[in-house]
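> Dropping the structure in here first, questions after.
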Amino acid sequence: MNGELFPPLEGEREALGPCAFVLRGFALPYVDELLTAISDLERNAPFRHMVTPGGFSMSVALTNCGALGWTTDKRGYRYTEIDPDSGKPWPTMPPAFDRLAREAACAAGFPDFRPDACLVNRYRPGARLSLHQDKNERDYDAPIVSVSLGMSAVFLFGGHERGDKALKVPLHHGDVAVWGGEDRLRYHGVMPIKDHPHFLLGSQRINFTFRKAG
Ligand code: MD3
Ligand code: FE
C-alpha cells in the first residue's frame with residue numbers, strides 16, 4: 001500500500017524488475033532548479049504537440065534539451081540536432097538536469113551514465129501515452145532516467161511483448177525511475193492523467209526522460 005493516500009517518503013526505492021527501479025522523491029531537492037530551467041527551456045523551445053507517423057497529433061506536448069532531441073512527424077520517429085520548429089539546435093542541457101540524471105543513474109547501479117538527450121513531456125488532464133518501447137536510441141546498453149513533476153500519473157510497466165500484462169505503478173511529484181539492462185526494452189505507457197491540480201504546477205504533469213541517444 002504505497003500510494004495515493006500516503007505517498008511514500010523521500011529515500012524509498014522500489015524494484016519493478018531486475019534492472020528497473022523507482023527512487024521515490026529523489027528529485028525533490030532539485031525541484032526549484034528544475035522549474036527555473038524548464039521556464040528558460042520553454043522560452044527557447046516551446047512545448048508542441050507533434051504528429052505521429054500514423055498522422056495523429058500526440059495528446060502529450062513535448063520539447064527537448066541536450067545535443068539530441070526526439071521528434072516525430074509523418075516521416076517517422078528520430079533524434080535530431082536541430083529543433084524542427086526553430087531551425088536552431090536544441091537548448092543545451094541545464095547543469096542541474098545533467099547532475100540529477102547522473103546521480104539517479106548512479107543510485108540505481110549505472111555509474112557511467114552520460115545523457116546526451118533530455119525529452120520533456122507535458123501532460124494536461126486527459127493526456128496519455130500508449131504502450132510503446134523506446135527504440136530510437138543508438139545503443140540499448142545505457143539506461144534511461146525518468147523524472148516526474150506535478151500531478152501524479154499511473155505508469156504502465158509492461159513486458160517484452162505488447163500484449164504482456166502491465167503493472168500499474170503510481171508516479172508522484174519528485175519520483176525518479178531508472179531502467180536499463182534486461183528491462184531497457186520493456187513496453188511502457190502512461191494512463192490518461194486525472195485532474196488533481198498540484199500545489200506547485202497546477203493542472204499539469206511534467207516528465208523528463210534522459211537518454212544516451214547518439
Ligand atoms: C520503461 N515517457 O517519453 S518514462 C517516453 O512519463 C516515455 O512521460 C513516460 O515513456 C512519461 O518515451 C514514461 C517512465 C518509465 C519508467 C520506468 C520504465 C519508463 C520505463 C521501466 C521500463 C521501461
Ligand atoms: Fe517511453
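Residues are named by chain letter and number: chains run A, B, ... in the order of the C-alpha cells, numbers start at 1 in each chain, and ligands are numbered from 1 in the order shown.
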Env of range 62-79 of chain A: 10 Å cut, atoms = only C-alpha atoms, seq-sep filter 4 positions within chain, self excluded. Answer as a VMD selection string.
chain A and resid 38 41 to 42 44 to 58 83 to 84 89 to 94 97 to 98 115 to 123 135 to 138 206 to 214
> Create the file for the chosen residues now, containing C-alpha atoms and written as a PDB file, in the first residue's frame.

ATOM      1  CA  ILE A  38      12.015  24.499 -17.587  1.00  0.00           C
ATOM      2  CA  LEU A  41      13.776  25.948 -21.871  1.00  0.00           C
ATOM      3  CA  GLU A  42      10.192  26.596 -22.878  1.00  0.00           C
ATOM      4  CA  ASN A  44      13.656  28.851 -26.354  1.00  0.00           C
ATOM      5  CA  ALA A  45      11.955  25.627 -27.430  1.00  0.00           C
ATOM      6  CA  PRO A  46       8.215  25.793 -26.641  1.00  0.00           C
ATOM      7  CA  PHE A  47       6.208  22.649 -25.895  1.00  0.00           C
ATOM      8  CA  ARG A  48       4.400  21.435 -29.012  1.00  0.00           C
ATOM      9  CA  HIS A  49       2.059  18.606 -29.994  1.00  0.00           C
ATOM     10  CA  MET A  50       3.934  16.535 -32.558  1.00  0.00           C
ATOM     11  CA  VAL A  51       2.331  14.318 -35.185  1.00  0.00           C
ATOM     12  CA  THR A  52       2.938  10.565 -35.228  1.00  0.00           C
ATOM     13  CA  PRO A  53       3.872   8.698 -38.427  1.00  0.00           C
ATOM     14  CA  GLY A  54       0.247   7.477 -38.442  1.00  0.00           C
ATOM     15  CA  GLY A  55      -0.944  11.096 -38.690  1.00  0.00           C
ATOM     16  CA  PHE A  56      -2.259  11.556 -35.130  1.00  0.00           C
ATOM     17  CA  SER A  57      -1.419  14.585 -33.008  1.00  0.00           C
ATOM     18  CA  MET A  58       0.034  13.461 -29.651  1.00  0.00           C
ATOM     19  CA  ASP A  83      14.637  21.791 -33.386  1.00  0.00           C
ATOM     20  CA  PRO A  84      12.414  21.495 -36.483  1.00  0.00           C
ATOM     21  CA  PRO A  89      19.977  23.455 -32.142  1.00  0.00           C
ATOM     22  CA  TRP A  90      18.000  22.261 -29.133  1.00  0.00           C
ATOM     23  CA  PRO A  91      18.825  24.280 -25.968  1.00  0.00           C
ATOM     24  CA  THR A  92      21.792  22.895 -24.052  1.00  0.00           C
ATOM     25  CA  MET A  93      21.165  20.546 -21.128  1.00  0.00           C
ATOM     26  CA  PRO A  94      20.945  22.642 -17.920  1.00  0.00           C
ATOM     27  CA  PHE A  97      19.321  18.271 -15.241  1.00  0.00           C
ATOM     28  CA  ASP A  98      22.599  16.531 -16.012  1.00  0.00           C
ATOM     29  CA  PRO A 115      22.920  11.581 -21.155  1.00  0.00           C
ATOM     30  CA  ASP A 116      23.045  13.489 -24.455  1.00  0.00           C
ATOM     31  CA  ALA A 117      19.271  13.913 -24.797  1.00  0.00           C
ATOM     32  CA  CYS A 118      16.505  15.072 -22.488  1.00  0.00           C
ATOM     33  CA  LEU A 119      12.937  14.740 -23.743  1.00  0.00           C
ATOM     34  CA  VAL A 120      10.486  16.820 -21.702  1.00  0.00           C
ATOM     35  CA  ASN A 121       6.841  15.718 -21.842  1.00  0.00           C
ATOM     36  CA  ARG A 122       3.987  17.910 -20.596  1.00  0.00           C
ATOM     37  CA  TYR A 123       0.680  16.218 -19.741  1.00  0.00           C
ATOM     38  CA  LYS A 135      13.912   2.028 -29.562  1.00  0.00           C
ATOM     39  CA  ASN A 136      15.200   5.153 -31.329  1.00  0.00           C
ATOM     40  CA  GLU A 137      18.450   5.306 -29.336  1.00  0.00           C
ATOM     41  CA  ARG A 138      21.671   4.066 -30.902  1.00  0.00           C
ATOM     42  CA  ILE A 206       5.971  17.210 -16.475  1.00  0.00           C
ATOM     43  CA  ASN A 207       8.180  14.204 -17.188  1.00  0.00           C
ATOM     44  CA  PHE A 208      11.825  14.335 -18.228  1.00  0.00           C
ATOM     45  CA  THR A 209      13.462  11.327 -19.835  1.00  0.00           C
ATOM     46  CA  PHE A 210      17.229  11.358 -20.030  1.00  0.00           C
ATOM     47  CA  ARG A 211      18.816   9.114 -22.632  1.00  0.00           C
ATOM     48  CA  LYS A 212      22.050   8.416 -24.355  1.00  0.00           C
ATOM     49  CA  ALA A 213      20.659   8.639 -27.869  1.00  0.00           C
ATOM     50  CA  GLY A 214      23.715   9.111 -30.091  1.00  0.00           C
TER      51      GLY A 214
END
> Which residues are near ligand 1 - at most 9 Å, using only C-alpha atoms and all ligand atoms? Format: as an MDAnalysis selection string.
chainID A and resid 16:17 19:22 60 62 70 119:123 128:134 144:148 153:159 169 171 176:180 183:190 205:209
> Return as a VMD selection string the full set of residues in chain A whose backbone-based DSSP assignment is helix (DSSP H, G or I).
chain A and resid 28 to 44 95 to 107 181 to 183
> I need the strand (DSSP E) residues of range 61-180 of chain A per DSSP on the backbone, written as a JSON list (two decimals) with C-alpha atoms, in the first residue's frame.

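The result, stored in out.json:
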[["chain", "number", "residue", "atom", "x", "y", "z"],
["A", 61, "ALA", "CA", 3.18, 18.15, -25.66],
["A", 62, "LEU", "CA", 6.96, 17.90, -25.77],
["A", 63, "THR", "CA", 10.24, 19.72, -26.09],
["A", 64, "ASN", "CA", 13.90, 18.74, -25.73],
["A", 65, "CYS", "CA", 17.27, 19.90, -24.49],
["A", 69, "GLY", "CA", 16.18, 15.84, -29.32],
["A", 70, "TRP", "CA", 13.47, 13.29, -30.02],
["A", 71, "THR", "CA", 10.98, 14.25, -32.72],
["A", 72, "THR", "CA", 8.17, 12.66, -34.66],
["A", 73, "ASP", "CA", 6.40, 13.65, -37.84],
["A", 76, "GLY", "CA", 8.82, 8.73, -38.52],
["A", 77, "TYR", "CA", 10.41, 8.89, -35.08],
["A", 78, "ARG", "CA", 14.03, 10.00, -34.75],
["A", 79, "TYR", "CA", 16.58, 12.12, -32.88],
["A", 80, "THR", "CA", 17.73, 15.40, -34.43],
["A", 117, "ALA", "CA", 19.27, 13.91, -24.80],
["A", 118, "CYS", "CA", 16.50, 15.07, -22.49],
["A", 119, "LEU", "CA", 12.94, 14.74, -23.74],
["A", 120, "VAL", "CA", 10.49, 16.82, -21.70],
["A", 121, "ASN", "CA", 6.84, 15.72, -21.84],
["A", 122, "ARG", "CA", 3.99, 17.91, -20.60],
["A", 123, "TYR", "CA", 0.68, 16.22, -19.74],
["A", 129, "LEU", "CA", 0.99, 7.80, -23.72],
["A", 130, "SER", "CA", 0.06, 4.47, -25.26],
["A", 131, "LEU", "CA", 2.20, 1.36, -24.76],
["A", 132, "HIS", "CA", 5.49, 1.59, -26.66],
["A", 144, "ILE", "CA", 17.04, 5.69, -19.21],
["A", 145, "VAL", "CA", 16.27, 8.03, -16.33],
["A", 146, "SER", "CA", 12.77, 9.50, -15.95],
["A", 147, "VAL", "CA", 11.81, 12.33, -13.57],
["A", 148, "SER", "CA", 8.18, 13.17, -12.72],
["A", 149, "LEU", "CA", 6.94, 16.57, -11.52],
["A", 150, "GLY", "CA", 3.46, 17.91, -10.83],
["A", 153, "ALA", "CA", 0.34, 9.54, -13.07],
["A", 154, "VAL", "CA", -0.31, 5.83, -13.33],
["A", 155, "PHE", "CA", 2.63, 4.39, -15.19],
["A", 156, "LEU", "CA", 2.19, 1.12, -17.11],
["A", 157, "PHE", "CA", 5.18, -1.18, -16.82],
["A", 167, "LEU", "CA", 1.99, -3.50, -13.83],
["A", 168, "LYS", "CA", 0.37, -0.20, -12.79],
["A", 169, "VAL", "CA", 2.84, 1.98, -10.90],
["A", 170, "PRO", "CA", 1.82, 5.37, -9.48],
["A", 171, "LEU", "CA", 4.44, 8.07, -10.09],
["A", 176, "VAL", "CA", 12.61, 9.19, -10.46],
["A", 177, "ALA", "CA", 12.56, 5.92, -12.43],
["A", 178, "VAL", "CA", 15.70, 4.29, -13.83],
["A", 179, "TRP", "CA", 15.70, 1.28, -16.10]]
